[in-house]
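The file start-v7.pdb comes next; it holds PDB, C-alpha atoms.
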```
ATOM      1  CA  MET O  22       1.856   4.562 -10.230
ATOM      2  CA  GLY O  23       0.296   5.028 -13.581
ATOM      3  CA  LEU O  24       0.161   7.323 -16.542
ATOM      4  CA  PHE O  25      -3.298   8.459 -15.614
ATOM      5  CA  SER O  26      -2.528   9.280 -12.012
ATOM      6  CA  LYS O  27      -4.312  12.328 -10.762
ATOM      7  CA  ASP O  28      -2.569  15.358  -9.362
ATOM      8  CA  ILE O  29      -0.802  14.742  -6.071
ATOM      9  CA  GLN O  30      -0.873  17.805  -3.846
ATOM     10  CA  THR O  31      -0.374  16.515  -0.311
ATOM     11  CA  MET O  32       1.245  13.651   1.602
ATOM     12  CA  ASP O  33      -2.277  12.195   1.950
ATOM     13  CA  ASP O  34      -2.593  12.113  -1.849
ATOM     14  CA  LEU O  35       0.852  10.543  -2.203
ATOM     15  CA  TYR O  36       0.018   7.954   0.470
ATOM     16  CA  LEU O  37      -3.237   7.010  -1.230
ATOM     17  CA  HIS O  38      -1.448   6.724  -4.545
ATOM     18  CA  MET O  39       1.161   4.386  -3.049
ATOM     19  CA  LEU O  40      -1.623   2.328  -1.486
ATOM     20  CA  GLU O  41      -3.311   1.979  -4.879
ATOM     21  CA  ASP O  42       0.069   1.112  -6.419
ATOM     22  CA  ILE O  43       0.769  -1.763  -4.002
ATOM     23  CA  TYR O  44      -2.853  -2.951  -4.243
ATOM     24  CA  TYR O  45      -2.433  -3.291  -8.014
ATOM     25  CA  ALA O  46       0.965  -4.961  -7.449
ATOM     26  CA  GLU O  47      -0.532  -7.545  -5.066
ATOM     27  CA  GLN O  48      -3.289  -8.253  -7.609
ATOM     28  CA  GLN O  49      -0.691  -8.896 -10.329
ATOM     29  CA  ILE O  50       1.296 -11.136  -7.973
ATOM     30  CA  GLU O  51      -1.873 -13.095  -7.180
ATOM     31  CA  LYS O  52      -2.270 -13.696 -10.944
ATOM     32  CA  ALA O  53       1.413 -14.507 -11.559
ATOM     33  CA  LEU O  54       1.993 -17.003  -8.723
ATOM     34  CA  PRO O  55      -0.189 -19.863 -10.075
ATOM     35  CA  LYS O  56       1.893 -19.824 -13.294
ATOM     36  CA  MET O  57       5.092 -19.879 -11.234
ATOM     37  CA  ILE O  58       3.779 -22.819  -9.163
ATOM     38  CA  GLU O  59       3.063 -24.684 -12.407
ATOM     39  CA  LYS O  60       6.542 -24.022 -13.804
ATOM     40  CA  ALA O  61       8.496 -24.861 -10.622
ATOM     41  CA  SER O  62       9.900 -28.401 -10.292
ATOM     42  CA  SER O  63      11.236 -28.481  -6.734
ATOM     43  CA  SER O  64       8.525 -29.414  -4.267
ATOM     44  CA  ALA O  65       9.979 -26.981  -1.689
ATOM     45  CA  LEU O  66       9.770 -24.119  -4.190
ATOM     46  CA  LYS O  67       6.235 -25.048  -5.255
ATOM     47  CA  ALA O  68       5.194 -25.135  -1.576
ATOM     48  CA  ALA O  69       6.836 -21.737  -0.915
ATOM     49  CA  PHE O  70       4.968 -20.199  -3.868
ATOM     50  CA  GLU O  71       1.689 -21.810  -2.777
ATOM     51  CA  SER O  72       2.056 -20.443   0.712
ATOM     52  CA  HIS O  73       2.920 -17.003  -0.681
ATOM     53  CA  LEU O  74      -0.194 -17.126  -2.868
ATOM     54  CA  GLN O  75      -2.330 -17.668   0.237
ATOM     55  CA  GLU O  76      -0.488 -14.839   2.014
ATOM     56  CA  THR O  77      -1.005 -12.551  -0.977
ATOM     57  CA  LYS O  78      -4.775 -12.967  -0.649
ATOM     58  CA  GLY O  79      -4.399 -11.876   2.984
ATOM     59  CA  HIS O  80      -2.285  -8.878   1.933
ATOM     60  CA  LEU O  81      -5.057  -7.737  -0.400
ATOM     61  CA  GLU O  82      -7.570  -8.015   2.443
ATOM     62  CA  ARG O  83      -5.315  -5.995   4.746
ATOM     63  CA  LEU O  84      -4.967  -3.284   2.111
ATOM     64  CA  GLU O  85      -8.764  -3.232   1.819
ATOM     65  CA  GLU O  86      -8.902  -2.670   5.598
ATOM     66  CA  VAL O  87      -6.522   0.288   5.245
ATOM     67  CA  PHE O  88      -8.622   1.789   2.432
ATOM     68  CA  ALA O  89     -11.657   1.412   4.726
ATOM     69  CA  LEU O  90      -9.894   3.040   7.700
ATOM     70  CA  LEU O  91      -9.110   6.022   5.451
ATOM     71  CA  ASN O  92     -12.677   6.079   4.050
ATOM     72  CA  LYS O  93     -11.346   5.623   0.543
ATOM     73  CA  ASP O  94     -12.550   3.417  -2.315
ATOM     74  CA  VAL O  95     -10.553   0.269  -2.843
ATOM     75  CA  LYS O  96      -8.731   0.517  -6.159
ATOM     76  CA  GLY O  97      -5.475  -0.232  -7.874
ATOM     77  CA  ALA O  98      -3.238   2.128  -9.855
ATOM     78  CA  THR O  99      -1.168   0.623 -12.658
ATOM     79  CA  CYS O 100       2.323  -0.007 -11.356
ATOM     80  CA  PRO O 101       4.930  -0.233 -14.151
ATOM     81  CA  ALA O 102       7.499  -1.526 -11.650
ATOM     82  CA  ILE O 103       5.683  -4.752 -10.774
ATOM     83  CA  ASP O 104       4.582  -5.144 -14.394
ATOM     84  CA  GLY O 105       8.273  -4.969 -15.360
ATOM     85  CA  ILE O 106       9.336  -7.529 -12.762
ATOM     86  CA  ILE O 107       6.606  -9.972 -13.838
ATOM     87  CA  LYS O 108       7.318  -9.391 -17.546
ATOM     88  CA  GLU O 109      10.972 -10.180 -16.912
ATOM     89  CA  THR O 110      10.006 -13.408 -15.118
ATOM     90  CA  ASN O 111       7.789 -14.532 -17.988
ATOM     91  CA  GLU O 112      10.424 -13.739 -20.603
ATOM     92  CA  ILE O 113      13.258 -15.516 -18.838
ATOM     93  CA  SER O 114      11.096 -18.561 -18.041
ATOM     94  CA  LYS O 115      10.423 -19.100 -21.739
ATOM     95  CA  GLU O 116      14.154 -19.233 -22.452
ATOM     96  CA  ILE O 117      14.935 -22.031 -19.999
ATOM     97  CA  SER O 118      14.380 -25.741 -20.513
ATOM     98  CA  ASP O 119      16.475 -27.220 -17.668
ATOM     99  CA  GLU O 120      14.381 -27.757 -14.513
ATOM    100  CA  LYS O 121      17.031 -26.715 -12.016
ATOM    101  CA  VAL O 122      18.000 -23.579 -13.934
ATOM    102  CA  LEU O 123      14.327 -22.663 -14.261
ATOM    103  CA  ASP O 124      13.818 -23.155 -10.504
ATOM    104  CA  ALA O 125      16.780 -20.864  -9.771
ATOM    105  CA  ALA O 126      15.364 -18.204 -12.111
ATOM    106  CA  LEU O 127      11.870 -18.492 -10.604
ATOM    107  CA  ALA O 128      13.198 -18.231  -7.049
ATOM    108  CA  ALA O 129      15.226 -15.133  -8.011
ATOM    109  CA  ALA O 130      12.146 -13.607  -9.639
ATOM    110  CA  ALA O 131      10.043 -14.267  -6.547
ATOM    111  CA  GLN O 132      12.673 -12.590  -4.385
ATOM    112  CA  ALA O 133      12.653  -9.541  -6.685
ATOM    113  CA  VAL O 134       8.867  -9.377  -6.253
ATOM    114  CA  GLU O 135       9.187  -9.646  -2.466
ATOM    115  CA  TYR O 136      11.855  -6.960  -2.323
ATOM    116  CA  TYR O 137       9.604  -4.663  -4.317
ATOM    117  CA  GLU O 138       6.788  -5.284  -1.860
ATOM    118  CA  MET O 139       9.092  -4.830   1.143
ATOM    119  CA  THR O 140      10.273  -1.406  -0.010
ATOM    120  CA  ARG O 141       6.720  -0.231  -0.725
ATOM    121  CA  TYR O 142       5.308  -1.518   2.565
ATOM    122  CA  GLY O 143       8.312  -0.032   4.390
ATOM    123  CA  THR O 144       7.563   3.362   2.850
ATOM    124  CA  LEU O 145       3.835   3.116   3.601
ATOM    125  CA  ILE O 146       4.518   2.183   7.234
ATOM    126  CA  ALA O 147       6.874   5.184   7.634
ATOM    127  CA  TRP O 148       4.332   7.514   6.044
ATOM    128  CA  SER O 149       1.494   6.042   8.170
ATOM    129  CA  LYS O 150       3.455   6.916  11.316
ATOM    130  CA  GLU O 151       4.276  10.359   9.906
ATOM    131  CA  MET O 152       0.545  10.951   9.401
ATOM    132  CA  GLY O 153      -0.280   9.683  12.902
ATOM    133  CA  ARG O 154      -2.053   6.627  11.510
ATOM    134  CA  THR O 155      -0.560   3.930  13.716
ATOM    135  CA  ASP O 156      -3.690   1.841  13.032
ATOM    136  CA  CYS O 157      -2.712   1.627   9.335
ATOM    137  CA  ALA O 158       0.968   1.143  10.216
ATOM    138  CA  GLN O 159       0.154  -1.864  12.404
ATOM    139  CA  ILE O 160      -1.874  -3.591   9.686
ATOM    140  CA  LEU O 161       0.808  -3.001   7.057
ATOM    141  CA  GLN O 162       3.547  -4.135   9.443
ATOM    142  CA  GLN O 163       2.010  -7.629   9.558
ATOM    143  CA  THR O 164       2.286  -7.875   5.781
ATOM    144  CA  LEU O 165       5.858  -6.555   5.769
ATOM    145  CA  GLU O 166       6.846  -9.273   8.241
ATOM    146  CA  GLU O 167       5.255 -11.954   6.059
ATOM    147  CA  GLU O 168       7.150 -10.640   3.023
ATOM    148  CA  GLN O 169      10.417 -10.747   4.963
ATOM    149  CA  ALA O 170       9.699 -14.307   6.104
ATOM    150  CA  ALA O 171       8.827 -15.371   2.544
ATOM    151  CA  ASP O 172      12.109 -13.925   1.295
ATOM    152  CA  GLN O 173      14.069 -15.740   4.005
ATOM    153  CA  LYS O 174      12.314 -19.001   3.133
ATOM    154  CA  LEU O 175      13.432 -18.653  -0.511
ATOM    155  CA  THR O 176      16.997 -17.942   0.630
ATOM    156  CA  ARG O 177      16.927 -21.121   2.747
ATOM    157  CA  ILE O 178      15.613 -23.177  -0.187
ATOM    158  CA  ALA O 179      18.453 -21.839  -2.363
ATOM    159  CA  GLU O 180      21.019 -22.661   0.332
ATOM    160  CA  GLU O 181      19.680 -26.211   0.679
ATOM    161  CA  ARG O 182      19.984 -26.660  -3.071
ATOM    162  CA  LEU O 183      23.553 -25.441  -2.826
ATOM    163  CA  ASN O 184      24.377 -27.820   0.044
ATOM    164  CA  LYS O 185      22.912 -30.775  -1.871
ATOM    165  CA  ALA O 186      24.990 -29.825  -4.910
ATOM    166  CA  ALA O 187      28.175 -29.593  -2.822
TER     167      ALA O 187
ATOM    168  CA  MET L  20      16.169  -9.592 -18.839
ATOM    169  CA  GLY L  21      14.997  -8.687 -22.265
ATOM    170  CA  LEU L  22      12.759  -9.832 -25.058
ATOM    171  CA  PHE L  23      15.733 -10.769 -27.171
ATOM    172  CA  SER L  24      17.473 -12.832 -24.531
ATOM    173  CA  LYS L  25      19.218 -15.863 -25.926
ATOM    174  CA  ASP L  26      18.484 -19.395 -24.836
ATOM    175  CA  ILE L  27      19.507 -20.131 -21.277
ATOM    176  CA  GLN L  28      20.651 -23.731 -20.901
ATOM    177  CA  THR L  29      22.874 -23.726 -17.820
ATOM    178  CA  MET L  30      23.393 -21.890 -14.542
ATOM    179  CA  ASP L  31      26.379 -20.180 -16.240
ATOM    180  CA  ASP L  32      24.019 -18.815 -18.909
ATOM    181  CA  LEU L  33      21.519 -17.694 -16.271
ATOM    182  CA  TYR L  34      24.279 -16.025 -14.246
ATOM    183  CA  LEU L  35      25.576 -14.150 -17.289
ATOM    184  CA  HIS L  36      22.066 -13.056 -18.126
ATOM    185  CA  MET L  37      21.535 -11.699 -14.617
ATOM    186  CA  LEU L  38      24.880  -9.901 -14.814
ATOM    187  CA  GLU L  39      23.824  -8.235 -18.082
ATOM    188  CA  ASP L  40      20.471  -7.380 -16.506
ATOM    189  CA  ILE L  41      21.987  -5.584 -13.517
ATOM    190  CA  TYR L  42      24.591  -3.900 -15.753
ATOM    191  CA  TYR L  43      21.768  -2.407 -17.817
ATOM    192  CA  ALA L  44      19.934  -1.477 -14.598
ATOM    193  CA  GLU L  45      22.982   0.370 -13.213
ATOM    194  CA  GLN L  46      23.312   2.228 -16.532
ATOM    195  CA  GLN L  47      19.687   3.364 -16.331
ATOM    196  CA  ILE L  48      20.162   4.422 -12.701
ATOM    197  CA  GLU L  49      23.238   6.437 -13.714
ATOM    198  CA  LYS L  50      21.039   8.260 -16.252
ATOM    199  CA  ALA L  51      18.085   8.733 -13.861
ATOM    200  CA  LEU L  52      19.924  10.071 -10.805
ATOM    201  CA  PRO L  53      20.959  13.484 -12.245
ATOM    202  CA  LYS L  54      17.262  14.195 -12.945
ATOM    203  CA  MET L  55      16.374  13.154  -9.394
ATOM    204  CA  ILE L  56      19.110  15.403  -7.977
ATOM    205  CA  GLU L  57      17.668  18.297  -9.981
ATOM    206  CA  LYS L  58      14.122  17.669  -8.730
ATOM    207  CA  ALA L  59      15.011  17.166  -5.046
ATOM    208  CA  SER L  60      14.692  20.179  -2.711
ATOM    209  CA  SER L  61      16.165  18.922   0.563
ATOM    210  CA  SER L  62      19.932  19.344   0.626
ATOM    211  CA  ALA L  63      20.313  16.036   2.518
ATOM    212  CA  LEU L  64      18.388  14.208  -0.179
ATOM    213  CA  LYS L  65      20.326  15.896  -2.995
ATOM    214  CA  ALA L  66      23.593  14.908  -1.270
ATOM    215  CA  ALA L  67      22.407  11.304  -0.827
ATOM    216  CA  PHE L  68      21.522  11.079  -4.524
ATOM    217  CA  GLU L  69      24.839  12.661  -5.540
ATOM    218  CA  SER L  70      26.777  10.202  -3.431
ATOM    219  CA  HIS L  71      24.732   7.317  -4.885
ATOM    220  CA  LEU L  72      25.505   8.561  -8.405
ATOM    221  CA  GLN L  73      29.232   8.345  -7.656
ATOM    222  CA  GLU L  74      28.749   4.882  -6.157
ATOM    223  CA  THR L  75      26.777   3.776  -9.218
ATOM    224  CA  LYS L  76      29.766   4.569 -11.440
ATOM    225  CA  GLY L  77      31.826   2.324  -9.149
ATOM    226  CA  HIS L  78      29.193  -0.425  -9.374
ATOM    227  CA  LEU L  79      29.439  -0.372 -13.166
ATOM    228  CA  GLU L  80      33.229  -0.703 -12.934
ATOM    229  CA  ARG L  81      32.910  -3.642 -10.541
ATOM    230  CA  LEU L  82      30.492  -5.373 -12.908
ATOM    231  CA  GLU L  83      33.028  -4.823 -15.714
ATOM    232  CA  GLU L  84      35.626  -6.557 -13.507
ATOM    233  CA  VAL L  85      33.277  -9.526 -13.069
ATOM    234  CA  PHE L  86      32.659  -9.735 -16.835
ATOM    235  CA  ALA L  87      36.473  -9.715 -17.290
ATOM    236  CA  LEU L  88      36.998 -12.443 -14.673
ATOM    237  CA  LEU L  89      34.509 -14.608 -16.578
ATOM    238  CA  ASN L  90      36.099 -13.738 -19.963
ATOM    239  CA  LYS L  91      32.817 -12.340 -21.208
ATOM    240  CA  ASP L  92      32.042  -9.197 -23.179
ATOM    241  CA  VAL L  93      30.647  -6.336 -21.128
ATOM    242  CA  LYS L  94      27.064  -5.743 -22.160
ATOM    243  CA  GLY L  95      23.638  -4.906 -20.794
ATOM    244  CA  ALA L  96      20.363  -6.770 -21.349
ATOM    245  CA  THR L  97      17.171  -4.735 -21.287
ATOM    246  CA  CYS L  98      15.623  -5.046 -17.845
ATOM    247  CA  PRO L  99      11.884  -4.274 -17.799
ATOM    248  CA  ALA L 100      11.911  -4.215 -14.003
ATOM    249  CA  ILE L 101      14.247  -1.231 -13.615
ATOM    250  CA  ASP L 102      12.616   0.453 -16.616
ATOM    251  CA  GLY L 103       9.293   0.104 -14.789
ATOM    252  CA  ILE L 104      10.637   1.519 -11.521
ATOM    253  CA  ILE L 105      12.191   4.532 -13.289
ATOM    254  CA  LYS L 106       9.073   5.085 -15.430
ATOM    255  CA  GLU L 107       6.992   5.124 -12.260
ATOM    256  CA  THR L 108       9.329   7.680 -10.686
ATOM    257  CA  ASN L 109       9.117   9.975 -13.709
ATOM    258  CA  GLU L 110       5.339   9.736 -13.893
ATOM    259  CA  ILE L 111       4.747  10.451 -10.222
ATOM    260  CA  SER L 112       7.241  13.332 -10.192
ATOM    261  CA  LYS L 113       5.273  15.114 -12.898
ATOM    262  CA  GLU L 114       2.132  14.975 -10.763
ATOM    263  CA  ILE L 115       3.609  16.700  -7.713
ATOM    264  CA  SER L 116       4.156  20.405  -7.227
ATOM    265  CA  ASP L 117       4.786  20.593  -3.450
ATOM    266  CA  GLU L 118       8.510  20.338  -2.633
ATOM    267  CA  LYS L 119       8.164  18.197   0.470
ATOM    268  CA  VAL L 120       5.749  15.776  -1.132
ATOM    269  CA  LEU L 121       8.051  15.509  -4.162
ATOM    270  CA  ASP L 122      11.034  14.811  -1.895
ATOM    271  CA  ALA L 123       9.103  12.032  -0.127
ATOM    272  CA  ALA L 124       8.158  10.495  -3.490
ATOM    273  CA  LEU L 125      11.744  10.746  -4.799
ATOM    274  CA  ALA L 126      13.181   9.161  -1.651
ATOM    275  CA  ALA L 127      10.651   6.295  -1.903
ATOM    276  CA  ALA L 128      11.548   5.816  -5.579
ATOM    277  CA  ALA L 129      15.266   5.716  -4.777
ATOM    278  CA  GLN L 130      14.625   3.094  -2.098
ATOM    279  CA  ALA L 131      12.654   0.985  -4.614
ATOM    280  CA  VAL L 132      15.647   1.208  -6.970
ATOM    281  CA  GLU L 133      18.039   0.182  -4.196
ATOM    282  CA  TYR L 134      15.864  -2.737  -3.140
ATOM    283  CA  TYR L 135      15.815  -3.944  -6.738
ATOM    284  CA  GLU L 136      19.606  -3.778  -6.838
ATOM    285  CA  MET L 137      19.931  -5.494  -3.455
ATOM    286  CA  THR L 138      17.837  -8.475  -4.511
ATOM    287  CA  ARG L 139      19.749  -8.876  -7.795
ATOM    288  CA  TYR L 140      23.181  -8.553  -6.174
ATOM    289  CA  GLY L 141      22.071 -10.937  -3.414
ATOM    290  CA  THR L 142      21.096 -13.518  -6.036
ATOM    291  CA  LEU L 143      24.329 -13.023  -8.004
ATOM    292  CA  ILE L 144      26.440 -13.434  -4.864
ATOM    293  CA  ALA L 145      24.629 -16.680  -3.962
ATOM    294  CA  TRP L 146      25.052 -18.006  -7.507
ATOM    295  CA  SER L 147      28.740 -16.944  -7.574
ATOM    296  CA  LYS L 148      29.353 -19.039  -4.463
ATOM    297  CA  GLU L 149      27.351 -21.929  -5.936
ATOM    298  CA  MET L 150      29.607 -21.814  -9.017
ATOM    299  CA  GLY L 151      32.746 -21.664  -6.865
ATOM    300  CA  ARG L 152      33.478 -18.096  -8.003
ATOM    301  CA  THR L 153      34.264 -16.491  -4.653
ATOM    302  CA  ASP L 154      36.336 -13.897  -6.564
ATOM    303  CA  CYS L 155      33.149 -12.618  -8.246
ATOM    304  CA  ALA L 156      31.163 -12.949  -4.996
ATOM    305  CA  GLN L 157      33.640 -10.724  -3.135
ATOM    306  CA  ILE L 158      33.475  -7.955  -5.755
ATOM    307  CA  LEU L 159      29.670  -8.010  -5.828
ATOM    308  CA  GLN L 160      29.477  -8.089  -2.019
ATOM    309  CA  GLN L 161      31.132  -4.640  -1.863
ATOM    310  CA  THR L 162      28.388  -3.220  -4.074
ATOM    311  CA  LEU L 163      25.648  -4.937  -2.069
ATOM    312  CA  GLU L 164      26.977  -3.331   1.108
ATOM    313  CA  GLU L 165      26.984   0.108  -0.544
ATOM    314  CA  GLU L 166      23.379  -0.396  -1.663
ATOM    315  CA  GLN L 167      22.367  -1.364   1.865
ATOM    316  CA  ALA L 168      24.136   1.688   3.280
ATOM    317  CA  ALA L 169      22.477   3.962   0.696
ATOM    318  CA  ASP L 170      19.070   2.575   1.655
ATOM    319  CA  GLN L 171      19.750   3.121   5.354
ATOM    320  CA  LYS L 172      20.854   6.688   4.643
ATOM    321  CA  LEU L 173      17.524   7.397   2.923
ATOM    322  CA  THR L 174      15.650   5.884   5.865
ATOM    323  CA  ARG L 175      17.562   8.173   8.242
ATOM    324  CA  ILE L 176      16.780  11.232   6.093
ATOM    325  CA  ALA L 177      13.092  10.313   6.170
ATOM    326  CA  GLU L 178      13.202   9.854   9.955
ATOM    327  CA  GLU L 179      14.873  13.245  10.433
ATOM    328  CA  ARG L 180      12.141  14.833   8.311
ATOM    329  CA  LEU L 181       9.606  13.114  10.542
ATOM    330  CA  ASN L 182      11.296  14.322  13.736
ATOM    331  CA  LYS L 183      11.424  17.885  12.439
ATOM    332  CA  ALA L 184       7.735  17.708  11.543
ATOM    333  CA  ALA L 185       6.852  16.359  15.011
TER     334      ALA L 185
END
```
Final structure tokens representation of the file:
Amino acid sequence: MGLFSKDIQTMDDLYLHMLEDIYYAEQQIEKALPKMIEKASSSALKAAFESHLQETKGHLERLEEVFALLNKDVKGATCPAIDGIIKETNEISKEISDEKVLDAALAAAAQAVEYYEMTRYGTLIAWSKEMGRTDCAQILQQTLEEEQAADQKLTRIAEERLNKAA
Amino acid sequence: MGLFSKDIQTMDDLYLHMLEDIYYAEQQIEKALPKMIEKASSSALKAAFESHLQETKGHLERLEEVFALLNKDVKGATCPAIDGIIKETNEISKEISDEKVLDAALAAAAQAVEYYEMTRYGTLIAWSKEMGRTDCAQILQQTLEEEQAADQKLTRIAEERLNKAA
């Protein structure tokens, strides 16, 4: 939620603001993932990022559906949280030369991104139900489940790396 | 992880960097929570934040134990991610005058903070095990469980608000 956010008077305003926040976040993730795919060495990690990039495009479309259901314009609101997470990923990546260490850092960064999305979608789903908008809740729930699955996939990749190392 | 992070050559370096990152994050959370307690209206939410503030002090002590186990100096590394999450919380808070809407925004912000901590502790625990440091993993696991419990408490508070409203 950005510096230039308008006044928030009601839960509807807060909801819309959070929707704009996660829309901006998904847009930034869509831009960041191709760079992460390029930097990753492990084919499993590259594939996980590629699949998440495709999913991210779907998440943006679902958010556009929610904006439409609420008769609101589709727009993003600057989200310092996701900007911070992505900035941190870029900074740390520059510091690492070893492929395996870089892969570990990239996987951790991707999980931080997914956790951020999970908390925001979780909040939006709760608020949707609170507002009686089960139609919005159902759409957002599909994305939340994809985020959870993406996180679990990264955990499995990390565990496989660990088992190979053992 | 900050702009002035040193070169990261090995998993040990990456681990230490992540430890410094979460140490800084916990310090920022310790500073942010008293302001959130002040702004919250619901007594349940105030109590949840107060209890999390006490826990945060314990999390800092546990991180100091881990630094000691690794024979490293205790220090924090600027973490743009937590800075972004806290900045977002401050900005949105300023925009809201209604008590209930502000409480909903504060609870969502606290959950975003906890999710950030959960992902970082989860990564550190996995890396501790990978490095054969089950002593560090066990200490960090206690904090992870407290973060999970704090998140669940906030979810329950939100659900109770919803039930009252229904």
Using all atoms listed in the file, I'd like every residue of chain O that has an atom within 8 Å of chain L; please write them out as a short mmCIF file (atom, residue, chain, number, x, y, z; two decimals) with C-alpha atoms, in the frame of the given file.
```cif
data_model
loop_
_atom_site.label_atom_id
_atom_site.label_comp_id
_atom_site.auth_asym_id
_atom_site.auth_seq_id
_atom_site.Cartn_x
_atom_site.Cartn_y
_atom_site.Cartn_z
CA MET O 22 1.86 4.56 -10.23
CA GLY O 23 0.30 5.03 -13.58
CA LEU O 24 0.16 7.32 -16.54
CA SER O 26 -2.53 9.28 -12.01
CA LYS O 27 -4.31 12.33 -10.76
CA ASP O 28 -2.57 15.36 -9.36
CA ILE O 29 -0.80 14.74 -6.07
CA GLN O 30 -0.87 17.80 -3.85
CA THR O 31 -0.37 16.52 -0.31
CA MET O 32 1.25 13.65 1.60
CA LEU O 35 0.85 10.54 -2.20
CA CYS O 100 2.32 -0.01 -11.36
CA PRO O 101 4.93 -0.23 -14.15
CA ALA O 102 7.50 -1.53 -11.65
CA ILE O 103 5.68 -4.75 -10.77
CA ASP O 104 4.58 -5.14 -14.39
CA GLY O 105 8.27 -4.97 -15.36
CA ILE O 106 9.34 -7.53 -12.76
CA ILE O 107 6.61 -9.97 -13.84
CA LYS O 108 7.32 -9.39 -17.55
CA GLU O 109 10.97 -10.18 -16.91
CA GLU O 112 10.42 -13.74 -20.60
CA ILE O 113 13.26 -15.52 -18.84
CA GLU O 116 14.15 -19.23 -22.45
CA ILE O 117 14.94 -22.03 -20.00
CA SER O 118 14.38 -25.74 -20.51
CA ASP O 119 16.48 -27.22 -17.67
CA VAL O 122 18.00 -23.58 -13.93
CA ALA O 126 15.36 -18.20 -12.11
CA ALA O 129 15.23 -15.13 -8.01
CA GLN O 132 12.67 -12.59 -4.38
CA ALA O 133 12.65 -9.54 -6.68
CA TYR O 136 11.86 -6.96 -2.32
CA TYR O 137 9.60 -4.66 -4.32
CA THR O 140 10.27 -1.41 -0.01
CA ARG O 141 6.72 -0.23 -0.72
CA THR O 144 7.56 3.36 2.85
CA GLU O 151 4.28 10.36 9.91
CA LEU O 183 23.55 -25.44 -2.83
#
```
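Across the model, the gap from atom CA of L:Gln46 to atom CA of L:Leu79 is 7.5 Å.
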**OP:** Go through O:Ala89, O:Leu74, O:Ala46, O:Leu127 and flag the residue nearest O:Ser62, using only C-alpha atoms for the distances.
**Re:** O:Leu127
Exercise on stretch 78-84 of chain L, axis-aligned box with 3 Å per side, report centre and edge lengths in Å to one decimal, as JSON:
```
{"center_x": 32.4, "center_y": -3.5, "center_z": -12.5, "size_x": 12.4, "size_y": 12.2, "size_z": 12.3}
```
Original post:
What is the atom CA of O:Leu90 to atom CA of O:Cys157 distance in Å?
Top reply: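 Pair atom CA of O:Leu90 / atom CA of O:Cys157 returns 7.5 Å.
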**OP:** Expand the PyMOL selection byres ((chain O and resi 171) around 10) into the individual residues it matches in the shown file, reporting them as JSON, numbers by chain.
**Re:** {"O": [69, 70, 72, 73, 76, 131, 132, 135, 165, 166, 167, 168, 169, 170, 172, 173, 174, 175, 176, 177]}
Original post:
Could you work out how far atom CA of L:Leu38 lies from atom CA of L:Ala96, giving the answer in Å with one decimal?
Top reply: 8.5 Å
Applying the PyMOL selection byres ((chain O and resi 83) around 12) to the file I just gave you, which residues come out? Please list them as a tab-separated table (two decimals) with C-alpha atoms, in the frame of the given file.
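What ended up in selection.tsv:
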```tsv
chain	number	residue	atom	x	y	z
O	40	LEU	CA	-1.62	2.33	-1.49
O	43	ILE	CA	0.77	-1.76	-4.00
O	44	TYR	CA	-2.85	-2.95	-4.24
O	47	GLU	CA	-0.53	-7.54	-5.07
O	76	GLU	CA	-0.49	-14.84	2.01
O	77	THR	CA	-1.00	-12.55	-0.98
O	78	LYS	CA	-4.78	-12.97	-0.65
O	79	GLY	CA	-4.40	-11.88	2.98
O	80	HIS	CA	-2.28	-8.88	1.93
O	81	LEU	CA	-5.06	-7.74	-0.40
O	82	GLU	CA	-7.57	-8.02	2.44
O	84	LEU	CA	-4.97	-3.28	2.11
O	85	GLU	CA	-8.76	-3.23	1.82
O	86	GLU	CA	-8.90	-2.67	5.60
O	87	VAL	CA	-6.52	0.29	5.24
O	88	PHE	CA	-8.62	1.79	2.43
O	89	ALA	CA	-11.66	1.41	4.73
O	90	LEU	CA	-9.89	3.04	7.70
O	95	VAL	CA	-10.55	0.27	-2.84
O	142	TYR	CA	5.31	-1.52	2.56
O	156	ASP	CA	-3.69	1.84	13.03
O	157	CYS	CA	-2.71	1.63	9.34
O	158	ALA	CA	0.97	1.14	10.22
O	159	GLN	CA	0.15	-1.86	12.40
O	160	ILE	CA	-1.87	-3.59	9.69
O	161	LEU	CA	0.81	-3.00	7.06
O	162	GLN	CA	3.55	-4.14	9.44
O	163	GLN	CA	2.01	-7.63	9.56
O	164	THR	CA	2.29	-7.88	5.78
O	165	LEU	CA	5.86	-6.56	5.77
```
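Taking only C-alpha atoms, the non-local environment of O:Ala61 within 8 Å (same-chain residues fewer than 2 positions away omitted) comprises Met57, Ile58, Glu59, Ser63, Ser64, Leu66, Lys67, Glu120, Leu123, Asp124 and Leu127 of chain O.
Take the candidates O:Gln75, O:Gly97, O:Ala53, O:Ala65 and check each one against O:Ile178 using all atoms listed in the file; the shortest distance goes to O:Ala65.
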